[in-house]
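Asks: Please find one structure pasted underneath; my questions will follow.
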Number of protein chains: 2
Amino acid sequence: MEKTRLGPEPIIVPMPALIVGANVNEKPNFMVASWCGIAGFKPPAITVAMNKARHTLKGIKENGTFSVNVPSCGMIKKADYCGIYSGKKRDKSQVFKTFYGELKTAPLVEECPINLECKVLHSLDMKTHMLIIGEIVETYVSKDCLTDGKIDTKKVDPPVYIRSTLKYHRLGEVFSSAFGVGRADGDTRDPATILSSNMSGISI
Amino acid sequence: MEKTRLGPEPIIVPMPALIVGANVNEKPNFMVASWCGIAGFKPPAITVAMNKARHTLKGIKENGTFSVNVPSCGMIKKADYCGIYSGKKRDKSQVFKTFYGELKTAPLVEECPINLECKVLHSLDMKTHMLIIGEIVETYVSKDCLTDGKIDTKKVDPPVYIRSTLKYHRLGEVFSSAFGVGRADGDTRDPATILSSNMSGISI
C-alpha cells in the first residue's frame with residue numbers, strides 16, 4: 001500500500017468534542033477540547049492539551065481544578081461558541097447552567113450528559129501547549145441518559161469530531177463488539193492464519 | 001437535570017480504537033489503545049496510557065520509539081485480536097505487514113490508513129498505568145485514503161469505540177461544521193441570549 005508523508009501532524013481519528021470548564025477570577029469559563037485522553041485507571045485520570053494562551057488554563061492554574069464535560073449533539077451551537085470566543089473578550093459564565101461538586105471550584109455543566117470533576121496532578125510544558133493531567137475525583141451522569149442504571153449511548157448522543165475536515169459527526173451504527181470478534185481461544189494456529197479467515201465471526 | 005454519581009470513572013465519549021506498535025526483542029508487537037490523546041501542536045505529540053504489564057510497553061522502554069496507527073473498520077478482527085492476546089503468549093509480529101520510517105525501530109502498520117511514528121518525550125508513572133508522551137516525528141497516510149490530496153474520512157472508515165458498552169461503532173453522518181455554527185461575530189448581546197435562539201444556523 002503506497003503511503004504519503006504529511007510531515008508530523010497530530011492526527012487521531014476520531015476525536016471527542018468535550019467542554020472543559022474552570023473558574024477564572026471566580027467565574028466559570030468554558031472551552032471546547034478534543035485533545036484529551038484517558039491517562040490512568042486507578043486513580044482514574046485524564047489529559048487535556050491546551051494552548052498556553054487559553055483563558056481556561058488561567059483558571060486551572062488558579063484553582064488546580066477543572067471539569068471535562070461530554071455534550072450531546074443538540075448542544076453543538078453552545079459548544080462551538082465556547083470554542084470560537086475567548087473568555088478574555090466574552091463572558092461565557094452564563095452559557096451553561098453549572099453546578100459544583102466536592103472540589104467546590106470546578107464548574108460542571110448541568111446539561112451535559114456526562115461530567116468529570118478533576119484536580120490537577122501534573123502539568124507538562126509541551127512548548128506551544130500545556131499538557132494538564134488531572135485526577136478524576138467524581139463522575140456524574142444525567143439520570144435521563146441512563147437505561148437500567150447504565151449509560152445509554154443513544155441518549156447521550158455525543159458529537160464525534162474529525163479534525164481534518166472540521167466536521168462534527170453523529171455516532172453511527174454498532175458493527176462489532178470489542179474484546180469479542182478477535183477471540184480465538186484454543187486456536188493454536190499462527191495469528192496470520194487465524195486472522196486471514198473471513199469476518200463471519202463478527203458478533204454484535 | 002438530575003445527576004447520578006458513578007464514583008470516579010475514566011469516561012470519554014467517544015474514543016478512538018488505535019493500534020499501538022513497538023518492537024519487543026526486535027520483533028513487532030501490537031496492542032489496541034483507546035486511551036490516547038493529542039498532547040501538543042508544535043512539536044506534535046501524543047499520549048498513550050498503558051497498563052504496566054503490557055508487553056508493548058516493554059518495547060517502548062527498550063527503543064524509546066513506538067507507532068500509533070488508525071485502523072479501518074474492516075480491520076477490526078485483527079485489531080481486536082491484538083487487544084485480547086498478549087505478546088507474551090502469542091507472537092503478533094505477523095498479524096500486520098509492517099514498515100519502518102526514520103526512527104528505524106517503530107513498526108508502522110501498512111494496512112492502517114494513518115500512521116504516526118513517535119519517539120518518547122516523557123513517561124509518567126500513573127500507578128496502575130504508565131502515561132507515555134511521544135513526539136510525532138512523521139505522519140503517513142495511505143494514498144488510497146486521500147481525495148484531492150486530503151484525508152478522506154469515508155475512505156479511512158475508522159472505528160469509534162464506546163467503552164461503557166464495549167462496542168465499536170461506525171462514524172455517522174456529518175451534522176455540523178466546527179468553528180462555524182457557534183459564530184456570532186458582531187452580535188453584542190449576551191451569550192445566553194445569542195445561544196437561546198434556535199439551531200437554524202447550523203451549516204454543514
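As shown in the C-alpha cells, the chain order sets the letters A, B, ...; within each chain, residues go from 1, and ligands are also counted from 1 in the order they appear.
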Give chain B as a PDB file with C-alpha atoms, in the first residue's frame once it has been least-squares superposed onto chain A over every C-alpha atom, paired in order.
Replies:
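Contents of the output file selection_8.pdb:
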```pdb
ATOM      1  CA  MET B   1      -0.015   0.000  -0.002  1.00  0.00           C
ATOM      2  CA  GLU B   2       1.530   3.268  -1.043  1.00  0.00           C
ATOM      3  CA  LYS B   3       1.956   5.900   1.641  1.00  0.00           C
ATOM      4  CA  THR B   4       2.204   9.682   1.527  1.00  0.00           C
ATOM      5  CA  ARG B   5       4.217  11.534   4.165  1.00  0.00           C
ATOM      6  CA  LEU B   6       2.350  14.512   5.568  1.00  0.00           C
ATOM      7  CA  GLY B   7       5.151  15.687   7.844  1.00  0.00           C
ATOM      8  CA  PRO B   8       4.493  15.361  11.577  1.00  0.00           C
ATOM      9  CA  GLU B   9       0.798  16.017  12.177  1.00  0.00           C
ATOM     10  CA  PRO B  10      -1.221  15.441  15.371  1.00  0.00           C
ATOM     11  CA  ILE B  11      -3.947  13.223  13.928  1.00  0.00           C
ATOM     12  CA  ILE B  12      -6.163  10.886  15.910  1.00  0.00           C
ATOM     13  CA  VAL B  13      -9.345   9.716  14.208  1.00  0.00           C
ATOM     14  CA  PRO B  14     -11.922  10.090  15.641  1.00  0.00           C
ATOM     15  CA  MET B  15     -11.730  12.600  18.452  1.00  0.00           C
ATOM     16  CA  PRO B  16     -14.289  13.626  21.066  1.00  0.00           C
ATOM     17  CA  ALA B  17     -15.596  17.192  21.360  1.00  0.00           C
ATOM     18  CA  LEU B  18     -15.524  17.921  25.071  1.00  0.00           C
ATOM     19  CA  ILE B  19     -16.261  21.037  27.093  1.00  0.00           C
ATOM     20  CA  VAL B  20     -13.550  21.912  29.603  1.00  0.00           C
ATOM     21  CA  GLY B  21     -14.538  24.251  32.402  1.00  0.00           C
ATOM     22  CA  ALA B  22     -12.629  26.205  35.038  1.00  0.00           C
ATOM     23  CA  ASN B  23     -13.303  29.182  37.253  1.00  0.00           C
ATOM     24  CA  VAL B  24     -11.339  32.249  36.187  1.00  0.00           C
ATOM     25  CA  ASN B  25     -11.466  35.099  38.694  1.00  0.00           C
ATOM     26  CA  GLU B  26     -14.223  33.103  40.428  1.00  0.00           C
ATOM     27  CA  LYS B  27     -16.460  32.952  37.338  1.00  0.00           C
ATOM     28  CA  PRO B  28     -16.998  29.840  35.197  1.00  0.00           C
ATOM     29  CA  ASN B  29     -15.320  29.788  31.820  1.00  0.00           C
ATOM     30  CA  PHE B  30     -15.513  27.086  29.157  1.00  0.00           C
ATOM     31  CA  MET B  31     -13.624  25.937  26.079  1.00  0.00           C
ATOM     32  CA  VAL B  32     -14.031  23.063  23.632  1.00  0.00           C
ATOM     33  CA  ALA B  33     -11.265  20.482  23.736  1.00  0.00           C
ATOM     34  CA  SER B  34     -10.760  17.477  21.519  1.00  0.00           C
ATOM     35  CA  TRP B  35      -7.133  16.953  22.539  1.00  0.00           C
ATOM     36  CA  CYS B  36      -7.989  14.875  25.579  1.00  0.00           C
ATOM     37  CA  GLY B  37      -7.210  11.295  26.544  1.00  0.00           C
ATOM     38  CA  ILE B  38      -7.577   8.949  29.492  1.00  0.00           C
ATOM     39  CA  ALA B  39      -4.290   8.906  31.417  1.00  0.00           C
ATOM     40  CA  GLY B  40      -4.797   6.217  34.038  1.00  0.00           C
ATOM     41  CA  PHE B  41      -7.205   3.759  35.629  1.00  0.00           C
ATOM     42  CA  LYS B  42      -6.531   3.798  39.396  1.00  0.00           C
ATOM     43  CA  PRO B  43      -6.642   6.626  40.085  1.00  0.00           C
ATOM     44  CA  PRO B  44      -8.710   7.499  37.001  1.00  0.00           C
ATOM     45  CA  ALA B  45      -7.010  10.365  35.215  1.00  0.00           C
ATOM     46  CA  ILE B  46      -7.321  12.460  32.075  1.00  0.00           C
ATOM     47  CA  THR B  47      -5.084  14.634  29.899  1.00  0.00           C
ATOM     48  CA  VAL B  48      -6.085  17.922  28.288  1.00  0.00           C
ATOM     49  CA  ALA B  49      -3.669  19.704  25.935  1.00  0.00           C
ATOM     50  CA  MET B  50      -4.280  23.454  26.002  1.00  0.00           C
ATOM     51  CA  ASN B  51      -2.733  26.291  24.063  1.00  0.00           C
ATOM     52  CA  LYS B  52      -0.843  28.423  26.576  1.00  0.00           C
ATOM     53  CA  ALA B  53      -2.917  31.506  25.695  1.00  0.00           C
ATOM     54  CA  ARG B  54      -6.180  29.875  26.820  1.00  0.00           C
ATOM     55  CA  HIS B  55      -8.223  31.791  29.364  1.00  0.00           C
ATOM     56  CA  THR B  56      -9.493  28.498  30.816  1.00  0.00           C
ATOM     57  CA  LEU B  57      -5.884  27.490  31.513  1.00  0.00           C
ATOM     58  CA  LYS B  58      -5.520  30.556  33.704  1.00  0.00           C
ATOM     59  CA  GLY B  59      -8.386  29.264  35.839  1.00  0.00           C
ATOM     60  CA  ILE B  60      -6.922  25.767  36.041  1.00  0.00           C
ATOM     61  CA  LYS B  61      -3.693  27.272  37.343  1.00  0.00           C
ATOM     62  CA  GLU B  62      -5.592  29.462  39.834  1.00  0.00           C
ATOM     63  CA  ASN B  63      -7.602  26.660  41.412  1.00  0.00           C
ATOM     64  CA  GLY B  64      -5.868  23.422  40.468  1.00  0.00           C
ATOM     65  CA  THR B  65      -9.287  22.109  39.426  1.00  0.00           C
ATOM     66  CA  PHE B  66     -11.305  21.777  36.225  1.00  0.00           C
ATOM     67  CA  SER B  67     -14.169  19.872  34.650  1.00  0.00           C
ATOM     68  CA  VAL B  68     -14.445  17.824  31.469  1.00  0.00           C
ATOM     69  CA  ASN B  69     -17.983  17.525  30.145  1.00  0.00           C
ATOM     70  CA  VAL B  70     -19.387  15.356  27.334  1.00  0.00           C
ATOM     71  CA  PRO B  71     -22.008  17.366  25.417  1.00  0.00           C
ATOM     72  CA  SER B  72     -24.802  15.967  23.268  1.00  0.00           C
ATOM     73  CA  CYS B  73     -25.174  16.824  19.579  1.00  0.00           C
ATOM     74  CA  GLY B  74     -28.067  19.135  20.413  1.00  0.00           C
ATOM     75  CA  MET B  75     -25.659  21.390  22.347  1.00  0.00           C
ATOM     76  CA  ILE B  76     -23.256  21.870  19.457  1.00  0.00           C
ATOM     77  CA  LYS B  77     -24.041  25.561  18.946  1.00  0.00           C
ATOM     78  CA  LYS B  78     -23.132  26.386  22.547  1.00  0.00           C
ATOM     79  CA  ALA B  79     -20.070  24.150  22.439  1.00  0.00           C
ATOM     80  CA  ASP B  80     -18.873  25.695  19.200  1.00  0.00           C
ATOM     81  CA  TYR B  81     -19.428  29.208  20.578  1.00  0.00           C
ATOM     82  CA  CYS B  82     -17.166  28.324  23.499  1.00  0.00           C
ATOM     83  CA  GLY B  83     -14.548  27.064  21.062  1.00  0.00           C
ATOM     84  CA  ILE B  84     -14.603  30.225  18.950  1.00  0.00           C
ATOM     85  CA  TYR B  85     -14.653  33.057  21.502  1.00  0.00           C
ATOM     86  CA  SER B  86     -12.171  33.574  24.320  1.00  0.00           C
ATOM     87  CA  GLY B  87     -13.285  34.295  27.844  1.00  0.00           C
ATOM     88  CA  LYS B  88     -10.881  37.231  27.704  1.00  0.00           C
ATOM     89  CA  LYS B  89     -13.352  39.021  25.447  1.00  0.00           C
ATOM     90  CA  ARG B  90     -16.730  37.387  26.095  1.00  0.00           C
ATOM     91  CA  ASP B  91     -18.216  36.414  29.432  1.00  0.00           C
ATOM     92  CA  LYS B  92     -19.178  32.748  28.995  1.00  0.00           C
ATOM     93  CA  SER B  93     -20.216  32.225  32.609  1.00  0.00           C
ATOM     94  CA  GLN B  94     -23.933  32.161  31.694  1.00  0.00           C
ATOM     95  CA  VAL B  95     -23.738  29.996  28.566  1.00  0.00           C
ATOM     96  CA  PHE B  96     -24.480  26.881  30.628  1.00  0.00           C
ATOM     97  CA  LYS B  97     -26.196  26.164  33.910  1.00  0.00           C
ATOM     98  CA  THR B  98     -23.400  24.978  36.181  1.00  0.00           C
ATOM     99  CA  PHE B  99     -23.089  23.027  39.407  1.00  0.00           C
ATOM    100  CA  TYR B 100     -20.223  22.253  41.757  1.00  0.00           C
ATOM    101  CA  GLY B 101     -19.098  19.025  43.390  1.00  0.00           C
ATOM    102  CA  GLU B 102     -16.719  18.202  46.174  1.00  0.00           C
ATOM    103  CA  LEU B 103     -13.812  20.236  44.814  1.00  0.00           C
ATOM    104  CA  LYS B 104     -16.024  23.353  45.041  1.00  0.00           C
ATOM    105  CA  THR B 105     -14.165  25.242  42.274  1.00  0.00           C
ATOM    106  CA  ALA B 106     -14.619  23.065  39.141  1.00  0.00           C
ATOM    107  CA  PRO B 107     -17.737  24.282  37.273  1.00  0.00           C
ATOM    108  CA  LEU B 108     -19.662  21.290  35.880  1.00  0.00           C
ATOM    109  CA  VAL B 109     -22.126  21.717  33.011  1.00  0.00           C
ATOM    110  CA  GLU B 110     -25.551  20.548  34.104  1.00  0.00           C
ATOM    111  CA  GLU B 111     -26.977  19.976  30.625  1.00  0.00           C
ATOM    112  CA  CYS B 112     -24.011  17.815  29.562  1.00  0.00           C
ATOM    113  CA  PRO B 113     -24.875  14.106  29.929  1.00  0.00           C
ATOM    114  CA  ILE B 114     -21.512  13.196  31.491  1.00  0.00           C
ATOM    115  CA  ASN B 115     -19.286  15.309  33.764  1.00  0.00           C
ATOM    116  CA  LEU B 116     -15.824  14.583  35.095  1.00  0.00           C
ATOM    117  CA  GLU B 117     -14.702  16.591  38.113  1.00  0.00           C
ATOM    118  CA  CYS B 118     -10.905  16.841  38.115  1.00  0.00           C
ATOM    119  CA  LYS B 119      -7.980  18.101  40.165  1.00  0.00           C
ATOM    120  CA  VAL B 120      -4.575  18.759  38.645  1.00  0.00           C
ATOM    121  CA  LEU B 121      -1.955  16.068  39.254  1.00  0.00           C
ATOM    122  CA  HIS B 122       0.725  17.232  36.811  1.00  0.00           C
ATOM    123  CA  SER B 123       1.234  19.875  34.175  1.00  0.00           C
ATOM    124  CA  LEU B 124       3.838  19.430  31.471  1.00  0.00           C
ATOM    125  CA  ASP B 125       5.253  22.160  29.267  1.00  0.00           C
ATOM    126  CA  MET B 126       4.819  20.996  25.652  1.00  0.00           C
ATOM    127  CA  LYS B 127       6.105  24.292  24.140  1.00  0.00           C
ATOM    128  CA  THR B 128       3.016  25.663  22.338  1.00  0.00           C
ATOM    129  CA  HIS B 129       0.717  23.801  24.745  1.00  0.00           C
ATOM    130  CA  MET B 130       0.441  22.826  28.381  1.00  0.00           C
ATOM    131  CA  LEU B 131      -0.489  19.228  28.994  1.00  0.00           C
ATOM    132  CA  ILE B 132      -2.736  19.160  32.051  1.00  0.00           C
ATOM    133  CA  ILE B 133      -3.060  15.776  33.724  1.00  0.00           C
ATOM    134  CA  GLY B 134      -5.932  15.604  36.152  1.00  0.00           C
ATOM    135  CA  GLU B 135      -7.237  13.017  38.554  1.00  0.00           C
ATOM    136  CA  ILE B 136     -10.949  12.376  38.062  1.00  0.00           C
ATOM    137  CA  VAL B 137     -12.405  12.642  41.563  1.00  0.00           C
ATOM    138  CA  GLU B 138     -16.058  12.146  40.603  1.00  0.00           C
ATOM    139  CA  THR B 139     -18.082  11.246  37.528  1.00  0.00           C
ATOM    140  CA  TYR B 140     -21.669  12.413  37.104  1.00  0.00           C
ATOM    141  CA  VAL B 141     -24.272  11.220  34.613  1.00  0.00           C
ATOM    142  CA  SER B 142     -27.629  12.814  33.867  1.00  0.00           C
ATOM    143  CA  LYS B 143     -30.311  10.434  35.075  1.00  0.00           C
ATOM    144  CA  ASP B 144     -32.230  10.785  31.819  1.00  0.00           C
ATOM    145  CA  CYS B 145     -29.201   9.345  29.965  1.00  0.00           C
ATOM    146  CA  LEU B 146     -29.328   6.074  31.899  1.00  0.00           C
ATOM    147  CA  THR B 147     -31.189   2.897  30.954  1.00  0.00           C
ATOM    148  CA  ASP B 148     -31.353   0.227  33.655  1.00  0.00           C
ATOM    149  CA  GLY B 149     -28.711   2.158  35.585  1.00  0.00           C
ATOM    150  CA  LYS B 150     -26.180   2.148  32.723  1.00  0.00           C
ATOM    151  CA  ILE B 151     -25.061   4.949  30.438  1.00  0.00           C
ATOM    152  CA  ASP B 152     -27.192   4.786  27.276  1.00  0.00           C
ATOM    153  CA  THR B 153     -25.081   5.917  24.341  1.00  0.00           C
ATOM    154  CA  LYS B 154     -28.127   6.768  22.213  1.00  0.00           C
ATOM    155  CA  LYS B 155     -29.446   9.069  24.921  1.00  0.00           C
ATOM    156  CA  VAL B 156     -26.037  10.708  25.387  1.00  0.00           C
ATOM    157  CA  ASP B 157     -25.857  11.314  21.587  1.00  0.00           C
ATOM    158  CA  PRO B 158     -22.253  12.613  21.658  1.00  0.00           C
ATOM    159  CA  PRO B 159     -20.665  14.522  18.779  1.00  0.00           C
ATOM    160  CA  VAL B 160     -17.690  12.871  17.068  1.00  0.00           C
ATOM    161  CA  TYR B 161     -15.069  15.325  15.836  1.00  0.00           C
ATOM    162  CA  ILE B 162     -12.974  14.929  12.699  1.00  0.00           C
ATOM    163  CA  ARG B 163     -10.207  17.479  12.706  1.00  0.00           C
ATOM    164  CA  SER B 164      -9.005  17.100   9.123  1.00  0.00           C
ATOM    165  CA  THR B 165     -12.410  18.217   7.787  1.00  0.00           C
ATOM    166  CA  LEU B 166     -13.530  20.352  10.772  1.00  0.00           C
ATOM    167  CA  LYS B 167     -16.825  18.460  10.934  1.00  0.00           C
ATOM    168  CA  TYR B 168     -18.946  17.067  13.723  1.00  0.00           C
ATOM    169  CA  HIS B 169     -20.450  13.653  13.013  1.00  0.00           C
ATOM    170  CA  ARG B 170     -23.090  11.671  14.847  1.00  0.00           C
ATOM    171  CA  LEU B 171     -22.182   8.278  16.197  1.00  0.00           C
ATOM    172  CA  GLY B 172     -23.041   5.637  13.582  1.00  0.00           C
ATOM    173  CA  GLU B 173     -24.326   2.100  14.007  1.00  0.00           C
ATOM    174  CA  VAL B 174     -22.645  -0.621  16.057  1.00  0.00           C
ATOM    175  CA  PHE B 175     -20.772  -3.014  13.778  1.00  0.00           C
ATOM    176  CA  SER B 176     -18.791  -5.126  16.246  1.00  0.00           C
ATOM    177  CA  SER B 177     -18.268  -5.944  19.895  1.00  0.00           C
ATOM    178  CA  ALA B 178     -14.911  -5.153  21.457  1.00  0.00           C
ATOM    179  CA  PHE B 179     -12.973  -7.999  23.084  1.00  0.00           C
ATOM    180  CA  GLY B 180     -15.056 -10.471  21.143  1.00  0.00           C
ATOM    181  CA  VAL B 181     -14.638 -10.573  17.375  1.00  0.00           C
ATOM    182  CA  GLY B 182     -10.903 -11.214  17.620  1.00  0.00           C
ATOM    183  CA  ARG B 183     -11.190 -14.053  20.129  1.00  0.00           C
ATOM    184  CA  ALA B 184      -9.509 -17.331  19.187  1.00  0.00           C
ATOM    185  CA  ASP B 185      -9.077 -19.174  22.465  1.00  0.00           C
ATOM    186  CA  GLY B 186      -7.669 -22.640  21.941  1.00  0.00           C
ATOM    187  CA  ASP B 187      -6.835 -21.959  18.277  1.00  0.00           C
ATOM    188  CA  THR B 188      -3.163 -22.864  18.138  1.00  0.00           C
ATOM    189  CA  ARG B 189      -2.573 -21.833  14.518  1.00  0.00           C
ATOM    190  CA  ASP B 190      -0.397 -18.805  13.901  1.00  0.00           C
ATOM    191  CA  PRO B 191      -2.254 -15.477  14.159  1.00  0.00           C
ATOM    192  CA  ALA B 192      -1.853 -14.685  10.454  1.00  0.00           C
ATOM    193  CA  THR B 193      -3.737 -17.892   9.563  1.00  0.00           C
ATOM    194  CA  ILE B 194      -6.425 -17.358  12.181  1.00  0.00           C
ATOM    195  CA  LEU B 195      -6.976 -13.785  11.057  1.00  0.00           C
ATOM    196  CA  SER B 196      -6.934 -14.479   7.333  1.00  0.00           C
ATOM    197  CA  SER B 197     -10.247 -16.304   7.763  1.00  0.00           C
ATOM    198  CA  ASN B 198     -13.256 -14.219   6.827  1.00  0.00           C
ATOM    199  CA  MET B 199     -15.137 -11.836   9.074  1.00  0.00           C
ATOM    200  CA  SER B 200     -18.183 -14.065   9.489  1.00  0.00           C
ATOM    201  CA  GLY B 201     -17.358 -14.289  13.176  1.00  0.00           C
ATOM    202  CA  ILE B 202     -18.388 -10.695  13.840  1.00  0.00           C
ATOM    203  CA  SER B 203     -20.742 -10.638  16.774  1.00  0.00           C
ATOM    204  CA  ILE B 204     -22.691  -7.627  17.852  1.00  0.00           C
TER     205      ILE B 204
END
```
Asks: Please return as a list of chain:residue names: the residues of range 158-194 of chain B that backbone DSSP assigns to strand (DSSP E or B).
Replies: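 Strand (DSSP E or B) members of range 158-194 of chain B, listed: B:Val160, B:Tyr161, B:Ile162, B:Lys167, B:Tyr168, B:His169, B:Arg170, B:Leu171, B:Gly172, B:Glu173, B:Val174, B:Phe175, B:Ser176, B:Ser177.
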